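The file query.csv contains CSV, C-alpha atoms:
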chain,number,residue,atom,x,y,z
A,359,MET,CA,-15.9,-83.5,103.6
A,360,THR,CA,-14.1,-86.9,104.0
A,361,VAL,CA,-16.4,-88.4,101.4
A,362,LEU,CA,-15.9,-85.5,99.0
A,363,ALA,CA,-12.1,-85.7,99.4
A,364,PHE,CA,-12.2,-89.5,98.8
A,365,ILE,CA,-14.3,-89.0,95.6
A,366,THR,CA,-11.9,-86.2,94.4
A,367,LEU,CA,-8.8,-88.3,95.0
A,368,ALA,CA,-10.5,-91.3,93.3
A,369,ASP,CA,-11.4,-89.3,90.3
A,370,ILE,CA,-7.9,-87.9,90.0
A,371,GLY,CA,-6.5,-91.4,90.2
A,372,GLU,CA,-8.9,-92.6,87.5
A,373,SER,CA,-7.8,-89.6,85.4
A,374,LEU,CA,-4.2,-90.5,85.7
A,375,ARG,CA,-5.0,-94.2,84.9
A,376,GLU,CA,-6.8,-93.0,81.8
A,377,ALA,CA,-3.9,-90.9,80.8
A,378,PHE,CA,-1.5,-93.8,81.2
A,379,PHE,CA,-3.5,-96.1,79.0
A,380,MET,CA,-3.7,-93.4,76.4
A,381,PHE,CA,0.0,-93.3,76.4
A,382,TRP,CA,0.4,-97.1,76.3
A,383,ALA,CA,-2.0,-97.3,73.3
A,384,THR,CA,0.2,-94.9,71.4
A,385,LEU,CA,3.7,-95.7,72.6
A,386,TRP,CA,4.8,-97.7,69.6
A,387,ALA,CA,3.4,-95.0,67.3
A,388,LEU,CA,5.3,-92.3,69.1
A,389,ILE,CA,8.6,-94.2,68.9
A,390,LEU,CA,8.1,-94.9,65.2
A,391,GLY,CA,7.3,-91.3,64.4
A,392,PHE,CA,10.2,-89.9,66.3
A,393,THR,CA,12.6,-92.4,64.8
A,394,LEU,CA,11.5,-91.6,61.2
A,395,SER,CA,11.5,-87.9,62.0
A,396,GLY,CA,15.1,-88.1,63.3
A,397,ILE,CA,16.3,-90.0,60.2
A,398,VAL,CA,14.8,-87.5,57.8
A,399,GLN,CA,16.1,-84.5,59.8
A,400,ALA,CA,19.6,-86.0,59.7
A,401,PHE,CA,19.6,-86.7,56.0
A,402,VAL,CA,17.8,-83.5,54.7
A,403,SER,CA,19.9,-80.4,55.1
A,404,ARG,CA,18.4,-77.3,56.7
A,405,ALA,CA,20.5,-75.3,54.2
A,406,GLN,CA,18.4,-76.8,51.4
A,407,MET,CA,15.3,-75.5,53.1
A,408,GLN,CA,16.7,-71.9,53.5
A,409,ARG,CA,17.7,-71.3,49.9
A,410,ALA,CA,14.4,-72.3,48.3
A,411,MET,CA,11.7,-70.1,49.8
A,412,GLY,CA,12.3,-66.5,48.5
A,413,ASP,CA,8.7,-65.9,47.5
A,414,HIS,CA,5.3,-67.4,48.0
A,415,GLY,CA,4.7,-68.7,44.5
A,416,PRO,CA,3.5,-72.2,43.8
A,417,ALA,CA,7.0,-73.7,43.6
A,418,ALA,CA,8.2,-72.1,46.8
A,419,VAL,CA,5.0,-73.1,48.6
A,420,ALA,CA,5.4,-76.7,47.4
A,421,ARG,CA,9.0,-76.7,48.6
A,422,ALA,CA,8.2,-75.2,52.0
A,423,SER,CA,5.4,-77.8,52.4
A,424,GLY,CA,7.8,-80.6,51.6
A,425,PHE,CA,10.5,-79.4,53.8
A,426,GLY,CA,8.0,-78.9,56.6
A,427,MET,CA,6.7,-82.5,56.2
A,428,VAL,CA,10.2,-83.8,56.9
A,429,SER,CA,10.8,-81.5,59.8
A,430,SER,CA,10.2,-81.8,63.5
A,431,SER,CA,6.5,-81.8,64.6
A,432,CYS,CA,7.2,-79.6,67.7
A,433,SER,CA,5.3,-76.3,67.5
A,434,TYR,CA,8.1,-74.5,69.4
A,435,ALA,CA,10.7,-75.9,67.0
A,436,ALA,CA,8.6,-75.1,64.0
A,437,THR,CA,8.2,-71.5,65.2
A,438,ALA,CA,11.9,-71.1,65.8
A,439,MET,CA,12.8,-72.6,62.4
A,440,GLY,CA,10.2,-70.5,60.7
A,441,LYS,CA,11.7,-67.4,62.2
A,442,SER,CA,15.2,-68.5,61.2
A,443,LEU,CA,14.1,-69.0,57.6
A,444,PHE,CA,12.4,-65.6,57.5
A,445,GLN,CA,15.4,-64.0,59.1
A,446,LYS,CA,17.7,-65.5,56.4
A,447,GLY,CA,15.6,-64.3,53.5
A,448,ALA,CA,12.6,-66.5,53.1
A,449,ASP,CA,9.3,-64.9,52.3
A,450,PHE,CA,7.2,-64.5,55.4
A,451,THR,CA,4.1,-66.3,54.1
A,452,THR,CA,6.3,-69.1,52.9
A,453,ALA,CA,8.0,-69.4,56.3
A,454,MET,CA,4.5,-69.6,57.9
A,455,ILE,CA,3.5,-72.3,55.4
A,456,PHE,CA,6.6,-74.2,56.5
A,457,MET,CA,5.4,-74.0,60.1
A,458,PHE,CA,1.9,-75.3,59.0
A,459,ALA,CA,3.4,-78.3,57.2
A,460,SER,CA,5.9,-79.0,60.0
A,461,THR,CA,3.1,-79.3,62.6
A,462,ASN,CA,0.2,-80.7,60.6
A,463,LEU,CA,1.6,-82.9,57.8
A,464,VAL,CA,4.3,-84.9,59.7
A,465,LEU,CA,4.1,-88.7,59.9
A,466,GLU,CA,4.2,-89.1,63.6
A,467,LEU,CA,1.0,-87.0,63.9
A,468,GLY,CA,-0.8,-89.1,61.4
A,469,ILE,CA,0.3,-92.3,63.1
A,470,LEU,CA,-0.9,-91.0,66.5
A,471,LEU,CA,-4.2,-90.0,65.1
A,472,LEU,CA,-4.7,-93.3,63.4
A,473,VAL,CA,-4.0,-95.3,66.6
A,474,LEU,CA,-5.8,-93.1,69.1
A,475,MET,CA,-8.8,-91.8,67.1
A,476,GLY,CA,-9.2,-93.7,63.9
A,477,TRP,CA,-8.4,-93.5,60.2
A,478,GLN,CA,-10.9,-90.7,59.5
A,479,PHE,CA,-9.1,-88.3,61.7
A,480,ALA,CA,-5.7,-89.3,60.3
A,481,LEU,CA,-7.0,-88.8,56.7
A,482,ALA,CA,-8.7,-85.5,57.7
A,483,GLU,CA,-5.4,-84.2,59.0
A,484,PHE,CA,-3.7,-84.8,55.6
A,485,ILE,CA,-6.6,-83.4,53.7
A,486,GLY,CA,-7.0,-80.3,55.9
A,487,GLY,CA,-3.3,-79.5,56.0
A,488,PRO,CA,-3.1,-78.8,52.2
A,489,ILE,CA,-6.3,-76.8,52.4
A,490,MET,CA,-4.8,-74.6,55.1
A,491,ILE,CA,-1.6,-74.2,53.1
A,492,VAL,CA,-3.5,-73.1,50.0
A,493,LEU,CA,-5.6,-70.6,52.0
A,494,LEU,CA,-2.6,-69.2,53.6
A,495,ALA,CA,-0.7,-68.9,50.3
A,496,LEU,CA,-3.7,-67.1,48.7
A,497,THR,CA,-4.3,-64.6,51.6
A,498,GLY,CA,-0.9,-64.3,53.3
A,499,GLY,CA,0.4,-61.7,50.8
A,500,VAL,CA,-2.7,-59.5,51.5
A,501,VAL,CA,-2.8,-59.8,55.3
A,502,PHE,CA,1.0,-59.7,55.8
A,503,THR,CA,1.7,-56.5,54.0
A,504,PRO,CA,5.2,-55.6,52.7
A,505,ARG,CA,5.4,-52.7,55.2
A,506,ILE,CA,4.7,-54.7,58.3
A,507,VAL,CA,6.8,-57.6,57.1
A,508,LYS,CA,9.7,-55.3,56.4
A,509,ALA,CA,9.4,-53.9,59.9
A,510,ALA,CA,9.5,-57.4,61.4
A,511,ARG,CA,12.6,-58.4,59.4
A,512,LEU,CA,14.4,-55.3,60.6
A,513,ARG,CA,13.3,-56.1,64.1
A,514,LEU,CA,15.0,-59.5,63.8
A,515,GLY,CA,18.1,-58.1,62.0
A,516,GLY,CA,17.3,-60.4,59.0
A,517,ASP,CA,19.2,-60.6,55.7
A,518,ASP,CA,19.0,-62.4,52.5
A,519,ASP,CA,22.2,-64.5,52.9
A,520,VAL,CA,21.2,-68.0,52.1
A,521,SER,CA,24.5,-69.2,50.7
A,522,VAL,CA,25.4,-72.8,51.5
A,523,ALA,CA,28.4,-75.1,51.4
A,524,ARG,CA,28.6,-78.2,49.3
A,525,LEU,CA,26.1,-80.8,50.5
A,526,ALA,CA,27.0,-84.4,50.9
A,527,THR,CA,25.0,-86.8,48.7
A,528,TRP,CA,22.5,-89.2,50.1
A,529,ARG,CA,24.9,-92.1,49.3
A,530,GLU,CA,27.7,-90.4,51.2
A,531,ARG,CA,25.5,-89.7,54.2
A,532,LEU,CA,24.0,-93.2,54.4
A,533,ALA,CA,27.6,-94.6,54.5
A,534,ARG,CA,28.6,-92.6,57.5
A,535,LYS,CA,28.1,-94.0,60.9
A,536,GLU,CA,28.0,-90.5,62.4
A,537,SER,CA,24.9,-89.7,60.3
A,538,TRP,CA,23.0,-92.5,62.0
A,539,ALA,CA,24.2,-91.1,65.4
A,540,ASP,CA,22.9,-87.7,64.2
A,541,ALA,CA,19.6,-89.3,63.4
A,542,ALA,CA,19.3,-90.9,66.8
A,543,SER,CA,20.3,-87.6,68.4
A,544,TYR,CA,17.5,-85.8,66.6
A,545,SER,CA,15.0,-88.4,67.7
A,546,ILE,CA,16.1,-88.2,71.4
A,547,ALA,CA,16.3,-84.4,71.2
A,548,ASP,CA,12.7,-84.3,69.8
A,549,ILE,CA,11.5,-86.5,72.6
A,550,LYS,CA,13.2,-84.4,75.2
A,551,MET,CA,11.9,-81.2,73.6
A,552,LEU,CA,8.3,-82.5,73.5
A,553,ARG,CA,8.2,-84.4,76.8
A,554,ARG,CA,6.4,-81.6,78.7
A,555,GLU,CA,3.8,-81.1,75.9
A,556,LEU,CA,3.2,-84.9,75.8
A,557,VAL,CA,2.8,-85.2,79.6
A,558,ILE,CA,0.5,-82.2,79.7
A,559,GLY,CA,-1.5,-83.5,76.8
A,560,TYR,CA,-2.0,-87.0,78.2
A,561,VAL,CA,-2.7,-85.8,81.8
A,562,VAL,CA,-5.2,-83.0,80.6
A,563,ALA,CA,-6.9,-85.5,78.3
A,564,GLY,CA,-7.3,-88.0,81.2
A,565,LEU,CA,-8.7,-85.3,83.4
A,566,LEU,CA,-11.1,-84.1,80.8
A,567,THR,CA,-12.3,-87.6,80.0
A,568,VAL,CA,-13.0,-88.5,83.6
A,569,LEU,CA,-13.8,-85.3,85.4
A,570,VAL,CA,-15.7,-83.3,82.8
A,571,PRO,CA,-19.3,-84.6,82.2
A,572,THR,CA,-20.6,-84.8,78.7
A,573,GLU,CA,-23.2,-82.2,79.6
A,574,VAL,CA,-20.5,-79.6,80.1
A,575,TRP,CA,-19.1,-80.1,76.6
A,576,ASN,CA,-22.7,-80.0,75.3
A,577,ASP,CA,-23.0,-76.6,76.8
A,578,VAL,CA,-19.7,-75.3,75.3
A,579,PHE,CA,-20.1,-76.8,71.8
A,580,MET,CA,-23.5,-76.3,70.2
A,581,GLN,CA,-25.2,-79.4,69.1
A,582,GLY,CA,-28.3,-80.3,67.0
A,583,HIS,CA,-28.5,-77.1,65.0
A,584,GLY,CA,-27.3,-78.4,61.6
A,585,TRP,CA,-24.7,-76.3,59.8
A,586,LEU,CA,-24.7,-73.7,62.7
A,587,THR,CA,-23.4,-76.4,64.9
A,588,SER,CA,-20.5,-77.1,62.6
A,589,VAL,CA,-19.6,-73.4,62.2
A,590,GLN,CA,-19.7,-72.7,65.9
A,591,ASN,CA,-17.6,-75.8,66.8
A,592,VAL,CA,-14.8,-75.1,64.3
A,593,ILE,CA,-14.6,-71.5,65.7
A,594,ILE,CA,-14.6,-72.7,69.4
A,595,GLY,CA,-12.0,-75.5,68.7
A,596,PRO,CA,-9.0,-73.1,68.2
A,597,PHE,CA,-10.1,-71.1,71.2
A,598,ILE,CA,-9.9,-74.2,73.4
A,599,ALA,CA,-6.4,-74.8,72.0
A,600,ILE,CA,-5.3,-71.2,72.8
A,601,ILE,CA,-6.3,-71.4,76.5
A,602,SER,CA,-5.3,-75.1,77.0
A,603,PHE,CA,-1.5,-74.4,76.4
A,604,VAL,CA,-1.3,-77.9,74.8
A,605,CYS,CA,0.5,-77.9,71.5
A,606,SER,CA,2.4,-80.2,69.1
A,607,ILE,CA,1.3,-83.8,69.0
A,608,GLY,CA,0.4,-83.5,72.7
A,609,ASN,CA,-3.0,-82.1,71.7
A,610,VAL,CA,-4.0,-85.4,70.0
A,611,PRO,CA,-5.0,-87.2,73.3
A,612,MET,CA,-6.9,-84.0,74.3
A,613,ALA,CA,-8.6,-84.0,70.9
A,614,ALA,CA,-9.8,-87.6,71.7
A,615,ALA,CA,-11.2,-86.4,75.0
A,616,LEU,CA,-13.0,-83.5,73.2
A,617,TRP,CA,-14.4,-85.9,70.6
A,618,HIS,CA,-15.6,-88.2,73.5
A,619,GLY,CA,-17.3,-85.1,75.0
A,620,GLY,CA,-19.4,-84.1,72.0
A,621,ILE,CA,-17.5,-81.7,69.8
A,622,SER,CA,-18.2,-82.0,66.0
A,623,PHE,CA,-15.8,-83.7,63.6
A,624,GLY,CA,-14.7,-80.4,62.1
A,625,GLY,CA,-14.3,-78.9,65.5
A,626,VAL,CA,-11.9,-81.6,66.5
A,627,ILE,CA,-9.9,-81.1,63.3
A,628,SER,CA,-9.7,-77.3,63.8
A,629,PHE,CA,-8.6,-77.8,67.4
A,630,ILE,CA,-5.8,-80.1,66.3
A,631,PHE,CA,-4.8,-77.6,63.6
A,632,ALA,CA,-4.6,-74.8,66.2
A,633,ASP,CA,-1.4,-75.9,67.9
A,634,LEU,CA,0.4,-72.9,66.4
A,635,ILE,CA,-1.7,-70.3,68.2
A,636,THR,CA,-1.5,-71.5,71.8
A,637,LEU,CA,-1.0,-68.6,74.2
A,638,PRO,CA,2.8,-69.4,74.8
A,639,LEU,CA,3.4,-69.3,71.1
A,640,LEU,CA,1.5,-66.0,70.7
A,641,LEU,CA,3.8,-64.5,73.3
A,642,ILE,CA,6.8,-65.8,71.3
A,643,TYR,CA,5.4,-64.3,68.0
A,644,ARG,CA,5.0,-61.0,69.8
A,645,LYS,CA,8.6,-61.1,70.8
A,646,TYR,CA,9.8,-62.1,67.4
A,647,TYR,CA,7.7,-60.0,65.1
A,648,GLY,CA,6.0,-57.3,67.3
A,649,PRO,CA,2.4,-57.0,68.4
A,650,ALA,CA,0.9,-55.7,65.1
A,651,LEU,CA,2.1,-58.7,63.0
A,652,THR,CA,1.2,-61.1,65.9
A,653,LEU,CA,-2.4,-59.9,65.8
A,654,ARG,CA,-2.5,-60.6,62.1
A,655,ILE,CA,-1.0,-64.0,62.6
A,656,LEU,CA,-3.6,-64.9,65.2
A,657,GLY,CA,-6.5,-63.6,63.1
A,658,LEU,CA,-5.4,-65.3,59.8
A,659,PHE,CA,-4.3,-68.5,61.4
A,660,TRP,CA,-7.6,-68.8,63.4
A,661,ALA,CA,-9.7,-68.1,60.3
A,662,VAL,CA,-7.7,-70.6,58.1
A,663,MET,CA,-7.9,-73.3,60.8
A,664,ALA,CA,-11.6,-72.9,61.3
A,665,ILE,CA,-12.3,-72.8,57.5
A,666,ALA,CA,-10.1,-75.9,56.9
A,667,GLY,CA,-11.9,-77.8,59.7
A,668,LEU,CA,-15.3,-76.9,58.2
A,669,ALA,CA,-14.2,-77.8,54.7
A,670,VAL,CA,-12.9,-81.2,55.9
A,671,GLU,CA,-16.2,-82.0,57.6
A,672,GLY,CA,-18.0,-81.0,54.4
A,673,ILE,CA,-15.8,-83.2,52.3
A,674,PHE,CA,-16.3,-86.2,54.6
A,675,ALA,CA,-20.0,-85.6,54.7
A,676,LEU,CA,-20.3,-85.8,50.9
A,677,PHE,CA,-18.8,-89.3,51.0
A,678,GLY,CA,-20.7,-90.3,54.2
A,679,ALA,CA,-17.3,-90.8,56.0
A,680,VAL,CA,-17.9,-88.5,59.0
A,681,PRO,CA,-17.3,-90.8,62.1
A,682,THR,CA,-20.3,-91.2,64.3
A,683,SER,CA,-18.9,-93.5,67.0
A,684,ARG,CA,-18.1,-91.9,70.3
A,685,PRO,CA,-16.8,-94.7,72.5
A,686,GLU,CA,-17.4,-94.4,76.3
A,687,ALA,CA,-13.8,-95.2,76.9
A,688,VAL,CA,-11.2,-93.4,74.8
A,689,VAL,CA,-8.8,-96.3,75.2
A,690,PRO,CA,-8.9,-99.8,76.9
A,691,GLU,CA,-8.6,-99.5,80.7
A,692,HIS,CA,-6.5,-102.6,81.3
A,693,PHE,CA,-3.5,-104.4,79.8
A,694,THR,CA,-4.3,-107.0,77.1
A,695,TRP,CA,-2.0,-109.1,75.0
A,696,ASN,CA,-2.8,-107.8,71.6
A,697,TYR,CA,-1.0,-106.2,68.6
A,698,THR,CA,-0.5,-102.9,70.5
A,699,THR,CA,1.3,-104.7,73.4
A,700,PHE,CA,3.5,-106.6,71.0
A,701,LEU,CA,4.4,-103.5,69.0
A,702,ASN,CA,5.1,-101.6,72.1
A,703,PHE,CA,7.7,-104.2,73.2
A,704,VAL,CA,9.2,-104.3,69.7
A,705,PHE,CA,9.6,-100.5,69.5
A,706,LEU,CA,10.9,-100.3,73.1
A,707,GLY,CA,13.8,-102.3,71.6
A,708,VAL,CA,14.1,-99.8,68.8
A,709,PHE,CA,14.2,-97.0,71.3
A,710,ALA,CA,17.0,-98.8,73.2
A,711,VAL,CA,19.1,-98.9,70.0
A,712,LEU,CA,18.3,-95.2,69.4
A,713,TYR,CA,19.4,-94.3,72.9
A,714,TRP,CA,22.6,-96.3,72.5
A,715,LEU,CA,23.4,-94.4,69.3
A,716,TYR,CA,22.6,-91.2,71.0
A,717,ARG,CA,24.9,-91.9,74.0
A,718,SER,CA,27.7,-93.1,71.7
A,719,ARG,CA,27.4,-90.1,69.3
A,720,ALA,CA,30.8,-88.6,70.3
A,721,ARG,CA,32.6,-92.0,69.8
A,722,LEU,CA,30.9,-92.4,66.5
A,723,GLY,CA,32.1,-89.0,65.3
A,724,SER,CA,28.9,-86.9,65.6
A,725,ASP,CA,30.1,-83.5,66.7
A,726,ARG,CA,28.2,-81.1,64.3
A,727,TYR,CA,25.2,-80.8,66.6
A,728,ALA,CA,24.4,-79.5,70.1
A,729,VAL,CA,21.3,-79.7,72.2
A,730,ASP,CA,19.6,-76.5,73.2
A,731,PRO,CA,20.0,-76.4,77.1
A,732,MET,CA,16.6,-74.7,77.5
A,733,CYS,CA,14.1,-76.5,75.2
A,734,GLY,CA,16.1,-79.7,74.3
A,735,MET,CA,16.0,-79.1,70.5
A,736,GLN,CA,19.0,-80.4,68.6
A,737,VAL,CA,20.6,-77.6,66.5
A,738,GLU,CA,23.4,-77.6,63.9
A,739,LYS,CA,26.3,-75.6,65.4
A,740,ALA,CA,27.2,-74.0,62.1
A,741,HIS,CA,23.7,-72.6,61.7
A,742,ALA,CA,22.5,-72.1,65.2
A,743,PRO,CA,20.4,-68.9,65.5
A,744,ALA,CA,22.1,-68.0,68.8
A,745,ARG,CA,24.9,-69.1,71.1
A,746,VAL,CA,26.5,-68.1,74.4
A,747,THR,CA,30.1,-68.7,75.6
A,748,ARG,CA,30.8,-68.8,79.4
A,749,ASP,CA,34.0,-69.8,81.0
A,750,ASP,CA,35.3,-71.5,77.8
A,751,ALA,CA,32.0,-73.5,77.5
A,752,THR,CA,29.8,-72.8,74.5
A,753,PHE,CA,26.0,-73.3,74.4
A,754,TRP,CA,24.0,-73.3,71.2
A,755,PHE,CA,20.3,-72.4,71.0
A,756,CYS,CA,17.4,-72.9,68.6
A,757,SER,CA,16.2,-69.3,69.0
A,758,ASP,CA,17.0,-66.0,70.7
A,759,HIS,CA,14.1,-66.7,73.0
A,760,CYS,CA,15.8,-69.8,74.4
A,761,LYS,CA,19.1,-67.9,74.6
A,762,GLU,CA,17.5,-65.1,76.6
A,763,ALA,CA,15.8,-67.6,78.9
A,764,PHE,CA,19.1,-69.3,79.5
A,765,VAL,CA,20.8,-66.0,80.4
A,766,ARG,CA,18.0,-65.1,82.8
A,767,SER,CA,18.1,-68.5,84.5
A,768,ALA,CA,21.9,-68.7,84.8
A,769,ALA,CA,23.3,-68.8,88.3
A,770,PRO,CA,24.8,-65.5,89.4
A,771,GLU,CA,28.3,-66.9,89.5
A,772,THR,CA,28.1,-67.8,85.8
A,773,ARG,CA,26.7,-64.5,84.6

Can I see the file as structure tokens?
Amino acid sequence: MTVLAFITLADIGESLREAFFMFWATLWALILGFTLSGIVQAFVSRAQMQRAMGDHGPAAVARASGFGMVSSSCSYAATAMGKSLFQKGADFTTAMIFMFASTNLVLELGILLLVLMGWQFALAEFIGGPIMIVLLALTGGVVFTPRIVKAARLRLGGDDDVSVARLATWRERLARKESWADAASYSIADIKMLRRELVIGYVVAGLLTVLVPTEVWNDVFMQGHGWLTSVQNVIIGPFIAIISFVCSIGNVPMAAALWHGGISFGGVISFIFADLITLPLLLIYRKYYGPALTLRILGLFWAVMAIAGLAVEGIFALFGAVPTSRPEAVVPEHFTWNYTTFLNFVFLGVFAVLYWLYRSRARLGSDRYAVDPMCGMQVEKAHAPARVTRDDATFWFCSDHCKEAFVRSAAPETR
């Protein structure tokens, strides 16, 4: 028993070490991605998103995809924003397309994939994302029928009011110091909002890499059966995502561990795509839209993600670009003075500037935004989906789900 306990503790320690070096290998990419995401969120108005998605025609789909690409990569935030867009009059399929783009076509995801897994995976993400969007645009109107969508809109108390005030020009925004404080606040808010997913993602990936033998993955994911292997793997990939609870960009390190374990190229891609159907998000969909529409979301999303993963593998196979290297170590297991270390130090300095702007936001005149006290997402006060006032203090929330969680968790004396 003593030897067994020693081995177990040693394995856990090795898993945490692996998780840390995964984090260290991607630290600069994370900071760069969050910085760029915050800048874009601060300078692209959410009101511009809401007024341009009334149907799921080509123009609306293109606009939804573009707005999603410049939005936050958090699956929870994308879900809340998609619900808000739908509630304010956006077409349901177009709102779902926004969610797909927001979680699969964002820059920080591509950078993280490039650093941790290689250029093929980063390119596959940006090829597969549009494939999923096209599939969803073609099938969404059939699966999400007008009757069930109307019931969901009534359930949310939605309307078609998408009127907006005059928007400041880019030149005006760039000249305002409070706009840069807003950008820093968005970046820090995104980091706070995703910190749990990131920690879980890295820790789970470390555990999978060290504790799960390759033979186990070989048993889960079929291998050596040609096209049947590819089909089975792209179907199982999203199932692993559902039960793992890991979403947003936190699933990238876990994807690296799965690739190390033997899953096919298409299976890895379908797993990464499946961050919108993890079990916690399915429960949120059920609360937002009801069980009937949630089942359709699950079925269509799963099918679209699996087909896209299979299509990406087929496209790469045509050009002989499917990666074949499965390194024994996902990342280096010790510190080395290389470009990664140098970039980490540089971007830690960038993060220090971001944090100073965030802490100085009130002094710099940034008062249009508030941070959701439950999930950490930054929300514009004028367009917050929900808010609560207690003892002359007002709290703004990114969704009714966070508002209700806040109310339930409030101390009795504040209720």

Worksheet entry | Nearest-residue call for A:Val562, choices A:Phe378, A:Trp386, A:Tyr697, A:Phe709, using all atoms listed in the file |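 The answer is A:Phe378, which sits nearest to A:Val562.
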
Practice prompt. Name all residues at most 9 Å from A:Val492 (count all atoms listed in the file; drop same-chain ones fewer than 4 positions away) and give them as a PyMOL selection string.
Written response: chain A and resi 419+455+487-488+496-497

Worksheet item: Smallest atom-to-atom distance to A:Ala368: which of A:Ala650, A:Ile491, A:Leu658, A:Val568, using all atoms listed in the file?
Response: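 For A:Ala368, the nearest of the candidates is A:Val568.
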
Item to complete: Excluding A:Ile630 and any residue of its chain fewer than 4 positions from it, enumerate the residues within 12 Å of it, using only C-alpha atoms, and give them as a ChimeraX atom specification.
Response: /A:433,458,461-463,467-468,470-471,479-480,482-484,486-487,559,592,594-600,602,604-614,616-617,623-626,634-636,660,663-664,666-667

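For A:Val561, the list of residues within 10 Å, based on all atoms listed in the file and with local chain neighbours fewer than 6 positions off taken out, reads Ile370, Ser373, Leu374, Arg375, Glu376, Ala377, Phe378, Met380, Phe381, Glu555, Thr567, Gly608, Pro611 and Met612 of chain A.
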
Fill in: Computed interatomic separation between atom CA of A:Thr698 and atom CA of A:Phe674 (Å)
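For atom CA of A:Thr698 relative to atom CA of A:Phe674, the distance reads 28.0 Å.
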
Worksheet item: Which residue out of A:Asn702, A:Met490, A:Phe392, A:Arg748 has the minimum interatomic distance to A:Ile546 when only C-alpha atoms are used?
Response: A:Phe392
